[in-house]
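Accompanying notes for the structure given below.
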Amino acid sequence: MKRDMDLIRLLMLKLEALPMRPGGAYIISHDNDEVQIPEYSGDEIAYHLRLIQQAGFVTSSNFKPMSGGITFSGFSWEGHDFLDSVRDPEIWQKTEGALKQAGGFSLDLAKALAKGFIKKKIEQHTGVELDL
């Protein structure tokens, strides 16, 4: 199965929308209503939830759900950073287009590219040149 960055982004946005309880965690699997995306199969959702966990984007316990899903108690710093860089639909569209033109990418490259588009947008709106 191929990694689908758009699905990763959509799943992370759905996870972010979950109401968090202090000290609480969710058991998330492909059949949870909270993560259903009509154009994707349950297998695709399950696979990409595991990729999100393997990337270190979520904080979770060592408990392994029997359903094959993940435990989710929030995002790691890296997960928040990635999500903040791809949240804006316009920025994501530009990022995704550039990645497709390049023909290959990594999560780090996708995040860096999105941050570059955000930086450019900030500079256009403020006139302040950012040296990051």
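Lettering and numbering for the structure tokens are positional, with chains as A, B, ... in the shown order, residues counted from 1 in each chain, and ligands counted from 1 in the shown order.
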Report the residues of chain A whose backbone DSSP state falls under strand (DSSP E), written as a CSV table (one decimal) with C-alpha atoms, in the first residue's frame.
chain,number,residue,atom,x,y,z
A,26,TYR,CA,-8.9,7.0,22.7
A,27,ILE,CA,-8.6,3.6,21.1
A,28,ILE,CA,-8.8,4.5,17.4
A,58,VAL,CA,0.9,11.0,18.3
A,59,THR,CA,1.4,10.2,22.0
A,70,ILE,CA,-3.8,2.9,17.8
A,71,THR,CA,-4.2,4.5,21.2
A,72,PHE,CA,-4.3,8.3,21.0
A,74,GLY,CA,-2.7,13.7,21.9
A,75,PHE,CA,-0.1,14.9,19.5
Q: Would you list the contacts of Lys14 of chain A as a list in words, taking every protein, DNA or RNA residue within 12 Å and counting only C-alpha atoms, but skipping same-chain residues closer than 6 positions in sequence?
A: Leu7, Ile8, Ile28, Asn32, Asp33, Glu34, Val35, Gln36, Ile37, Ile45, Leu49, Phe72, Gly74, Leu83 and Arg87 of chain A
Go ahead and write the residues just picked, N, CA and C atoms, as a PDB file, in the first residue's frame.
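Generated file (selection_32.pdb):
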ATOM      1  N   LEU A   7      -4.306  11.600   2.984  1.00  0.00           N
ATOM      2  CA  LEU A   7      -5.014  10.831   4.003  1.00  0.00           C
ATOM      3  C   LEU A   7      -4.400  11.057   5.378  1.00  0.00           C
ATOM      4  N   ILE A   8      -3.089  11.109   5.458  1.00  0.00           N
ATOM      5  CA  ILE A   8      -2.427  11.387   6.743  1.00  0.00           C
ATOM      6  C   ILE A   8      -2.891  12.734   7.279  1.00  0.00           C
ATOM      7  N   ILE A  28      -8.354   4.121  18.749  1.00  0.00           N
ATOM      8  CA  ILE A  28      -8.800   4.503  17.417  1.00  0.00           C
ATOM      9  C   ILE A  28      -8.475   3.379  16.448  1.00  0.00           C
ATOM     10  N   ASN A  32     -13.800   3.368  13.635  1.00  0.00           N
ATOM     11  CA  ASN A  32     -14.330   4.453  14.459  1.00  0.00           C
ATOM     12  C   ASN A  32     -14.976   5.501  13.555  1.00  0.00           C
ATOM     13  N   ASP A  33     -16.174   5.918  13.903  1.00  0.00           N
ATOM     14  CA  ASP A  33     -16.856   6.953  13.120  1.00  0.00           C
ATOM     15  C   ASP A  33     -16.020   8.229  13.022  1.00  0.00           C
ATOM     16  N   GLU A  34     -15.262   8.523  14.072  1.00  0.00           N
ATOM     17  CA  GLU A  34     -14.490   9.767  14.122  1.00  0.00           C
ATOM     18  C   GLU A  34     -13.428   9.875  13.032  1.00  0.00           C
ATOM     19  N   VAL A  35     -12.978   8.755  12.492  1.00  0.00           N
ATOM     20  CA  VAL A  35     -11.913   8.797  11.482  1.00  0.00           C
ATOM     21  C   VAL A  35     -12.354   8.286  10.116  1.00  0.00           C
ATOM     22  N   GLN A  36     -13.654   8.101   9.936  1.00  0.00           N
ATOM     23  CA  GLN A  36     -14.134   7.634   8.641  1.00  0.00           C
ATOM     24  C   GLN A  36     -13.999   8.732   7.588  1.00  0.00           C
ATOM     25  N   ILE A  37     -13.496   8.352   6.431  1.00  0.00           N
ATOM     26  CA  ILE A  37     -13.386   9.244   5.282  1.00  0.00           C
ATOM     27  C   ILE A  37     -13.917   8.441   4.100  1.00  0.00           C
ATOM     28  N   ILE A  45      -7.283   3.370   5.992  1.00  0.00           N
ATOM     29  CA  ILE A  45      -7.312   4.185   7.207  1.00  0.00           C
ATOM     30  C   ILE A  45      -6.473   3.537   8.301  1.00  0.00           C
ATOM     31  N   LEU A  49      -3.188   5.211   9.994  1.00  0.00           N
ATOM     32  CA  LEU A  49      -3.137   5.487  11.432  1.00  0.00           C
ATOM     33  C   LEU A  49      -1.840   4.943  12.024  1.00  0.00           C
ATOM     34  N   PHE A  72      -4.609   6.858  21.261  1.00  0.00           N
ATOM     35  CA  PHE A  72      -4.329   8.268  20.979  1.00  0.00           C
ATOM     36  C   PHE A  72      -4.654   9.102  22.199  1.00  0.00           C
ATOM     37  N   GLY A  74      -3.117  12.344  22.297  1.00  0.00           N
ATOM     38  CA  GLY A  74      -2.739  13.686  21.870  1.00  0.00           C
ATOM     39  C   GLY A  74      -1.623  13.616  20.836  1.00  0.00           C
ATOM     40  N   LEU A  83       1.181  19.183  11.646  1.00  0.00           N
ATOM     41  CA  LEU A  83      -0.212  19.556  11.396  1.00  0.00           C
ATOM     42  C   LEU A  83      -0.347  21.066  11.197  1.00  0.00           C
ATOM     43  N   ARG A  87      -2.105  22.557   7.787  1.00  0.00           N
ATOM     44  CA  ARG A  87      -3.514  22.772   8.133  1.00  0.00           C
ATOM     45  C   ARG A  87      -4.256  23.608   7.086  1.00  0.00           C
TER      46      ARG A  87
END
**Q.** Minimum-distance residue to Leu51 of chain A, chosen among A:Glu123, A:Asp31, A:Glu16, A:Asp4 (using only C-alpha atoms)
**A.** A:Asp4
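Atom CA of Phe82 of chain A lies 10.8 Å from atom CA of Gly56 of chain A.
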Q) From the list A:Lys94, A:Lys119, A:His80, A:Lys111, which residue is nearest Phe57 of chain A when using only C-alpha atoms? A)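 Answer, going by the shortest atom-to-atom distance: A:His80.
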Q) Between atom CA of Thr126 of chain A and atom CA of Pro89 of chain A, what is the distance, to one decimal in Å? A)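 For atom CA of Thr126 of chain A relative to atom CA of Pro89 of chain A, the distance reads 20.3 Å.
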Q.
List as an NGL selection string the protein and nucleic acid residues near Asp108 of chain A, meaning an atom at most 12 Å away when only C-alpha atoms are counted, but skip any in the same chain fewer than 6 places from it.
A. :A and (5 or 55 or 78-79 or 81-82 or 85-86 or 99 or 114-115)
Q | Picked from segment 6-130 of chain A by DSSP as helix (DSSP H, G or I), as an NGL selection string | A | :A and (6-16 or 33-35 or 42-54 or 77-86 or 89-102 or 107-126)
(Q) Report, in Å to a single decimal, how far apart atom CA of Met12 of chain A and atom CA of Gly69 of chain A are. (A)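 Separation of atom CA of Gly69 of chain A and atom CA of Met12 of chain A: 14.3 Å.
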Q: Pick out the residues sitting within 9 Å of Tyr47 of chain A, and hand them over as a ChimeraX atom specification; count only C-alpha atoms, and ignore anything fewer than 5 positions along from it in its own chain.
A: /A:1,3,30,42,52,69
Go ahead and write the selection's residues with C-alpha atoms as an mmCIF file, in the first residue's frame.
data_model
loop_
_atom_site.group_PDB
_atom_site.id
_atom_site.type_symbol
_atom_site.label_atom_id
_atom_site.label_comp_id
_atom_site.auth_asym_id
_atom_site.auth_seq_id
_atom_site.Cartn_x
_atom_site.Cartn_y
_atom_site.Cartn_z
ATOM 1 C CA MET A 1 0.000 0.000 0.000
ATOM 2 C CA ARG A 3 1.609 6.201 1.690
ATOM 3 C CA HIS A 30 -10.385 2.045 11.102
ATOM 4 C CA GLY A 42 -10.935 0.711 6.316
ATOM 5 C CA ILE A 52 1.033 8.413 11.921
ATOM 6 C CA GLY A 69 -5.758 0.445 15.728
#
